[in-house]
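The next block holds one structure in the form of C-alpha cells; read it before the comments.
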Amino acid sequence: KMDAAGLPDMEAVATAVAQGDPAPVAYHLDDMAADAVGLLDALNVRKAHIVGASMGGMVAQLVAADHPDHVLSLTSIMSTTANPDLPAASQELTEQFTRTPPDPHEDPEGFVDHMLSHWRLTRSPAYPVDEGFVRAQFAADVERSTYPAGPARHYAAIVAAPDRRPKLRTITAPTLVLHGEHDPLIPPVGGRDTADSIPGAEFRLIPGMGHDLPPQLSGLLADAIEEVARRARS
C-alpha cells in the first residue's frame with residue numbers, strides 16, 4: 001500500500017499518454033510483473049505456469065516477455081495488448097469504472113452495491129449467477145481487505161501502459177489466449193490481437209462468456225490451462 005502516492009490524476013495521465021510523454025503514475029504494469037517474479041524467487045520457485053485475467057493478463061504477458069527464464073507456459077484470459085487501434089469499452093462502462101465508489105469503511109453496503117453495478121454490466125450472459133451469492137462474495141472481500149486507492153492506481157497503470165505487441169513477439173513459452181465472446185469491457189478483438197502477437201499462441205473464444213469468471217466455466221478454464229501446461233512439459 002502506497003499511501004503517500006495518493007490517488008492518480010487521470011486527466012494528467014491521459015494527457016501525457018496522448019502527447020507521448022511519461023505519465024505521472026505511482027507504478028507501472030512492468031513493476032507488477034517484477035513483483036510477481038520477486039515472489040517466485042522468494043518462494044524458491046524457479047519456473048511456473050503463469051496465468052492472468054484482465055489486468056492480470058497484461059501483467060502475465062509482461063512476466064512471460066521480460067522474465068522468460070521464470071515461465072513454463074502463459075495463459076492470458078480476457079486481456080489485450082494496449083494496441084491503440086483496438087476499440088475501447090463503451091462510454092457507459094468507462095463512466096462506471098471511473099466513478100468514485102463510496103468509502104468502504106463508512107458505507108460498506110454502498111461499496112458492495114458499487115461493485116455489483118460493475119458486475120451487472122460485465123457478467124456472462126449465458127452463465128447466470130445468483131446475485132445474492134455474488135453480493136456475499138463482495139461483502140467478504142470488503143471485510144477481508146479493501147483499499148480503493150489501489151485499483152485507482154492500477155487503472156492509471158493500464159492507461160499509461162505502452163503498446164505491448166513488440167514485447168509479445170519475443171515470447172517463446174507455449175501460450176493460450178482465452179476470451180469471452182460477449183466481453184463488453186475488453187472486446188474479443190483484444191484477445192485475438194494478443195494471440196496474433198505471440199508466436200504460436202492458441203486463441204479460444206468462449207461463447208456466452210463476458211468479462212467475469214462464472215463458476216460454471218471453472219472446469220473448462222482449468223482444463224484449458226492444464227492443456228497448455230501439458231504442452232510446456234512435453
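By order in the C-alpha cells, chains are A, B, ...; within a chain, residues start at 1; ligands start at 1, following the order shown.
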
- [ ] Find the residues around segment 201-218 of chain A up to 9 Å (only C-alpha atoms counted), leave out those fewer than 3 positions away in its own chain, and share them as a VMD selection string.
- [x] chain A and resid 53 to 54 78 119 121 to 129 173 to 186 188 191 to 192 194 to 198 221 to 223

Next, write the just-selected residues to a file, as a CSV table (one decimal), in the first residue's frame, keeping C-alpha atoms as the atom set.
```csv
chain,number,residue,atom,x,y,z
A,53,ALA,CA,-7.1,-12.5,-16.2
A,54,SER,CA,-8.0,-8.9,-17.3
A,78,MET,CA,-9.9,-11.7,-21.3
A,119,TRP,CA,-20.6,-6.9,-12.2
A,121,LEU,CA,-22.5,-4.7,-16.7
A,122,THR,CA,-19.8,-7.2,-17.3
A,123,ARG,CA,-21.2,-10.6,-16.3
A,124,SER,CA,-21.5,-13.5,-18.7
A,125,PRO,CA,-25.0,-13.6,-20.3
A,126,ALA,CA,-25.0,-17.4,-20.8
A,127,TYR,CA,-23.9,-18.2,-17.3
A,128,PRO,CA,-26.2,-16.6,-14.8
A,129,VAL,CA,-25.0,-16.5,-11.2
A,173,ALA,CA,6.7,-20.1,-23.9
A,174,PRO,CA,3.6,-22.1,-25.0
A,175,THR,CA,0.7,-19.7,-24.9
A,176,LEU,CA,-3.0,-19.9,-24.7
A,177,VAL,CA,-5.3,-16.9,-25.0
A,178,LEU,CA,-8.9,-17.2,-23.7
A,179,HIS,CA,-11.6,-14.6,-24.3
A,180,GLY,CA,-15.3,-14.3,-23.7
A,181,GLU,CA,-17.4,-13.8,-26.9
A,182,HIS,CA,-19.6,-11.3,-25.1
A,183,ASP,CA,-16.9,-9.4,-23.2
A,184,PRO,CA,-18.1,-5.7,-23.1
A,185,LEU,CA,-15.1,-4.3,-21.2
A,186,ILE,CA,-12.3,-5.7,-23.3
A,188,PRO,CA,-12.7,-10.1,-28.1
A,191,GLY,CA,-7.7,-11.4,-27.2
A,192,ARG,CA,-7.2,-12.1,-30.9
A,194,THR,CA,-2.8,-10.9,-28.1
A,195,ALA,CA,-2.7,-14.3,-29.8
A,196,ASP,CA,-1.7,-12.8,-33.1
A,197,SER,CA,1.2,-11.0,-31.5
A,198,ILE,CA,2.7,-14.1,-29.7
A,221,LEU,CA,-10.9,-22.9,-17.9
A,222,ALA,CA,-9.0,-25.4,-15.7
A,223,ASP,CA,-8.9,-28.0,-18.5
```

Review point. Which residues come within 12 Å of segment 110-117 of chain A, counting only C-alpha atoms, excluding same-chain residues fewer than 4 positions away, as a ChimeraX atom specification?
Key: /A:92-93,95-106,121-123,130-143,146-148

Nearby residues (only C-alpha atoms) at most 12 Å from Thr172 of chain A, same-chain spacing under 4 positions excluded, as an MDAnalysis selection string
chainID A and resid 61 63:74 167:168 176 197:201 232

Requested in this report: Using DSSP on the backbone coordinates, identify the residues of segment 74-194 of chain A assigned to alpha helix (DSSP H); present them as a VMD selection string.
Outcome: chain A and resid 91 to 98 108 to 122 131 to 144 149 to 160 165 to 168 188 to 194

Q) If you count only C-alpha atoms, which residues fall within 10 Å of Ala12 of chain A, apart from same-chain ones fewer than 5 positions away, as a list of chain:residue names? A)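 Once the adjacent positions are removed, what remains is A:Val17, A:Ala18, A:Ala23, A:Pro24, A:Val25.
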
Leu86 of chain A proximity check over A:Leu40, A:Ile225, A:Ala160, A:Val189, using only C-alpha atoms: winner is A:Val189

| said: When DSSP is applied to the backbone of this structure, which of segment 42-128 of chain A are assigned strand (DSSP E)? Write them out as a VMD selection string. | reply: chain A and resid 48 to 53 71 to 77

If you keep all heavy atoms, can you produce a file of those selected residues as a PDB file, in the first residue's frame?
```
ATOM      1  N   ALA A  48       7.341 -21.313 -13.456  1.00  0.00           N
ATOM      2  CA  ALA A  48       5.928 -21.535 -13.142  1.00  0.00           C
ATOM      3  C   ALA A  48       5.081 -21.385 -14.396  1.00  0.00           C
ATOM      4  O   ALA A  48       5.498 -20.765 -15.387  1.00  0.00           O
ATOM      5  CB  ALA A  48       5.463 -20.553 -12.071  1.00  0.00           C
ATOM      6  N   HIS A  49       3.884 -21.941 -14.349  1.00  0.00           N
ATOM      7  CA  HIS A  49       2.869 -21.706 -15.370  1.00  0.00           C
ATOM      8  C   HIS A  49       2.157 -20.403 -14.981  1.00  0.00           C
ATOM      9  O   HIS A  49       1.547 -20.323 -13.915  1.00  0.00           O
ATOM     10  CB  HIS A  49       1.894 -22.878 -15.430  1.00  0.00           C
ATOM     11  CG  HIS A  49       2.556 -24.184 -15.766  1.00  0.00           C
ATOM     12  ND1 HIS A  49       2.974 -24.495 -17.047  1.00  0.00           N
ATOM     13  CD2 HIS A  49       2.915 -25.232 -14.978  1.00  0.00           C
ATOM     14  CE1 HIS A  49       3.539 -25.692 -17.042  1.00  0.00           C
ATOM     15  NE2 HIS A  49       3.515 -26.161 -15.804  1.00  0.00           N
ATOM     16  N   ILE A  50       2.230 -19.402 -15.830  1.00  0.00           N
ATOM     17  CA  ILE A  50       1.743 -18.064 -15.499  1.00  0.00           C
ATOM     18  C   ILE A  50       0.357 -17.868 -16.091  1.00  0.00           C
ATOM     19  O   ILE A  50       0.152 -18.031 -17.304  1.00  0.00           O
ATOM     20  CB  ILE A  50       2.705 -16.988 -16.039  1.00  0.00           C
ATOM     21  CG1 ILE A  50       4.149 -17.263 -15.566  1.00  0.00           C
ATOM     22  CG2 ILE A  50       2.253 -15.603 -15.597  1.00  0.00           C
ATOM     23  CD1 ILE A  50       4.331 -17.261 -14.072  1.00  0.00           C
ATOM     24  N   VAL A  51      -0.601 -17.505 -15.243  1.00  0.00           N
ATOM     25  CA  VAL A  51      -1.987 -17.299 -15.658  1.00  0.00           C
ATOM     26  C   VAL A  51      -2.451 -15.952 -15.127  1.00  0.00           C
ATOM     27  O   VAL A  51      -2.229 -15.622 -13.953  1.00  0.00           O
ATOM     28  CB  VAL A  51      -2.911 -18.409 -15.110  1.00  0.00           C
ATOM     29  CG1 VAL A  51      -4.344 -18.199 -15.594  1.00  0.00           C
ATOM     30  CG2 VAL A  51      -2.402 -19.785 -15.507  1.00  0.00           C
ATOM     31  N   GLY A  52      -3.102 -15.162 -15.979  1.00  0.00           N
ATOM     32  CA  GLY A  52      -3.647 -13.887 -15.527  1.00  0.00           C
ATOM     33  C   GLY A  52      -4.906 -13.540 -16.286  1.00  0.00           C
ATOM     34  O   GLY A  52      -5.045 -13.881 -17.472  1.00  0.00           O
ATOM     35  N   ALA A  53      -5.839 -12.869 -15.613  1.00  0.00           N
ATOM     36  CA  ALA A  53      -7.096 -12.453 -16.235  1.00  0.00           C
ATOM     37  C   ALA A  53      -7.239 -10.940 -16.165  1.00  0.00           C
ATOM     38  O   ALA A  53      -6.912 -10.324 -15.145  1.00  0.00           O
ATOM     39  CB  ALA A  53      -8.283 -13.118 -15.540  1.00  0.00           C
ATOM     40  N   VAL A  71       9.276 -18.747 -16.754  1.00  0.00           N
ATOM     41  CA  VAL A  71       7.962 -19.076 -17.312  1.00  0.00           C
ATOM     42  C   VAL A  71       7.984 -20.425 -18.040  1.00  0.00           C
ATOM     43  O   VAL A  71       8.794 -20.647 -18.942  1.00  0.00           O
ATOM     44  CB  VAL A  71       7.506 -17.965 -18.273  1.00  0.00           C
ATOM     45  CG1 VAL A  71       6.152 -18.313 -18.896  1.00  0.00           C
ATOM     46  CG2 VAL A  71       7.410 -16.632 -17.524  1.00  0.00           C
ATOM     47  N   LEU A  72       7.067 -21.315 -17.642  1.00  0.00           N
ATOM     48  CA  LEU A  72       6.862 -22.580 -18.336  1.00  0.00           C
ATOM     49  C   LEU A  72       5.794 -22.446 -19.417  1.00  0.00           C
ATOM     50  O   LEU A  72       5.940 -22.959 -20.518  1.00  0.00           O
ATOM     51  CB  LEU A  72       6.448 -23.669 -17.339  1.00  0.00           C
ATOM     52  CG  LEU A  72       7.531 -24.124 -16.363  1.00  0.00           C
ATOM     53  CD1 LEU A  72       6.918 -24.974 -15.259  1.00  0.00           C
ATOM     54  CD2 LEU A  72       8.602 -24.905 -17.100  1.00  0.00           C
ATOM     55  N   SER A  73       4.689 -21.756 -19.084  1.00  0.00           N
ATOM     56  CA  SER A  73       3.626 -21.510 -20.057  1.00  0.00           C
ATOM     57  C   SER A  73       2.911 -20.230 -19.655  1.00  0.00           C
ATOM     58  O   SER A  73       3.041 -19.741 -18.526  1.00  0.00           O
ATOM     59  CB  SER A  73       2.625 -22.675 -20.103  1.00  0.00           C
ATOM     60  OG  SER A  73       1.865 -22.730 -18.903  1.00  0.00           O
ATOM     61  N   LEU A  74       2.156 -19.674 -20.599  1.00  0.00           N
ATOM     62  CA  LEU A  74       1.395 -18.447 -20.363  1.00  0.00           C
ATOM     63  C   LEU A  74      -0.051 -18.672 -20.765  1.00  0.00           C
ATOM     64  O   LEU A  74      -0.332 -19.186 -21.847  1.00  0.00           O
ATOM     65  CB  LEU A  74       1.984 -17.294 -21.194  1.00  0.00           C
ATOM     66  CG  LEU A  74       1.127 -16.022 -21.308  1.00  0.00           C
ATOM     67  CD1 LEU A  74       0.973 -15.348 -19.947  1.00  0.00           C
ATOM     68  CD2 LEU A  74       1.733 -15.052 -22.321  1.00  0.00           C
ATOM     69  N   THR A  75      -0.970 -18.286 -19.889  1.00  0.00           N
ATOM     70  CA  THR A  75      -2.387 -18.232 -20.233  1.00  0.00           C
ATOM     71  C   THR A  75      -2.882 -16.822 -19.947  1.00  0.00           C
ATOM     72  O   THR A  75      -2.856 -16.366 -18.803  1.00  0.00           O
ATOM     73  CB  THR A  75      -3.219 -19.247 -19.429  1.00  0.00           C
ATOM     74  OG1 THR A  75      -2.694 -20.565 -19.623  1.00  0.00           O
ATOM     75  CG2 THR A  75      -4.672 -19.218 -19.885  1.00  0.00           C
ATOM     76  N   SER A  76      -3.297 -16.138 -21.001  1.00  0.00           N
ATOM     77  CA  SER A  76      -3.820 -14.777 -20.896  1.00  0.00           C
ATOM     78  C   SER A  76      -5.322 -14.829 -21.115  1.00  0.00           C
ATOM     79  O   SER A  76      -5.795 -15.270 -22.164  1.00  0.00           O
ATOM     80  CB  SER A  76      -3.146 -13.876 -21.943  1.00  0.00           C
ATOM     81  OG  SER A  76      -3.666 -12.559 -21.911  1.00  0.00           O
ATOM     82  N   ILE A  77      -6.091 -14.393 -20.106  1.00  0.00           N
ATOM     83  CA  ILE A  77      -7.546 -14.503 -20.134  1.00  0.00           C
ATOM     84  C   ILE A  77      -8.172 -13.105 -20.171  1.00  0.00           C
ATOM     85  O   ILE A  77      -7.799 -12.234 -19.393  1.00  0.00           O
ATOM     86  CB  ILE A  77      -8.054 -15.261 -18.898  1.00  0.00           C
ATOM     87  CG1 ILE A  77      -7.373 -16.629 -18.784  1.00  0.00           C
ATOM     88  CG2 ILE A  77      -9.575 -15.430 -18.948  1.00  0.00           C
ATOM     89  CD1 ILE A  77      -7.668 -17.356 -17.473  1.00  0.00           C
TER      90      ILE A  77
END
```

Do you have the atom CA of Asp41 of chain A-atom CA of Ala60 of chain A distance handy?
->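 Going from atom CA of Asp41 of chain A over to atom CA of Ala60 of chain A, I get 15.8 Å.
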
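Residues in contact with Met32 of chain A at up to 10 Å, not including ones fewer than 6 positions away on its chain and judged by only C-alpha atoms, are A:Gly38, A:Gly56, A:Met58, A:Val59, A:Ala60, A:Leu62, A:Val63, A:His154, A:Ala157.
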
Restricted to C-alpha atoms, what would the selected residues look like written as a CSV table (one decimal), in the first residue's frame?
```csv
chain,number,residue,atom,x,y,z
A,38,GLY,CA,10.1,-11.5,-7.0
A,56,GLY,CA,-3.7,-9.8,-14.6
A,58,MET,CA,-1.4,-7.9,-19.0
A,59,VAL,CA,0.9,-8.5,-16.1
A,60,ALA,CA,1.2,-12.2,-17.0
A,62,LEU,CA,5.0,-9.0,-19.3
A,63,VAL,CA,6.2,-11.7,-17.0
A,154,HIS,CA,-4.0,0.0,-11.2
A,157,ALA,CA,-1.1,2.0,-14.8
```

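Among the candidates A:Met2, A:Gly190, A:Arg230, A:Gly219, the one nearest to Asp85 of chain A when counting only C-alpha atoms is A:Gly190.
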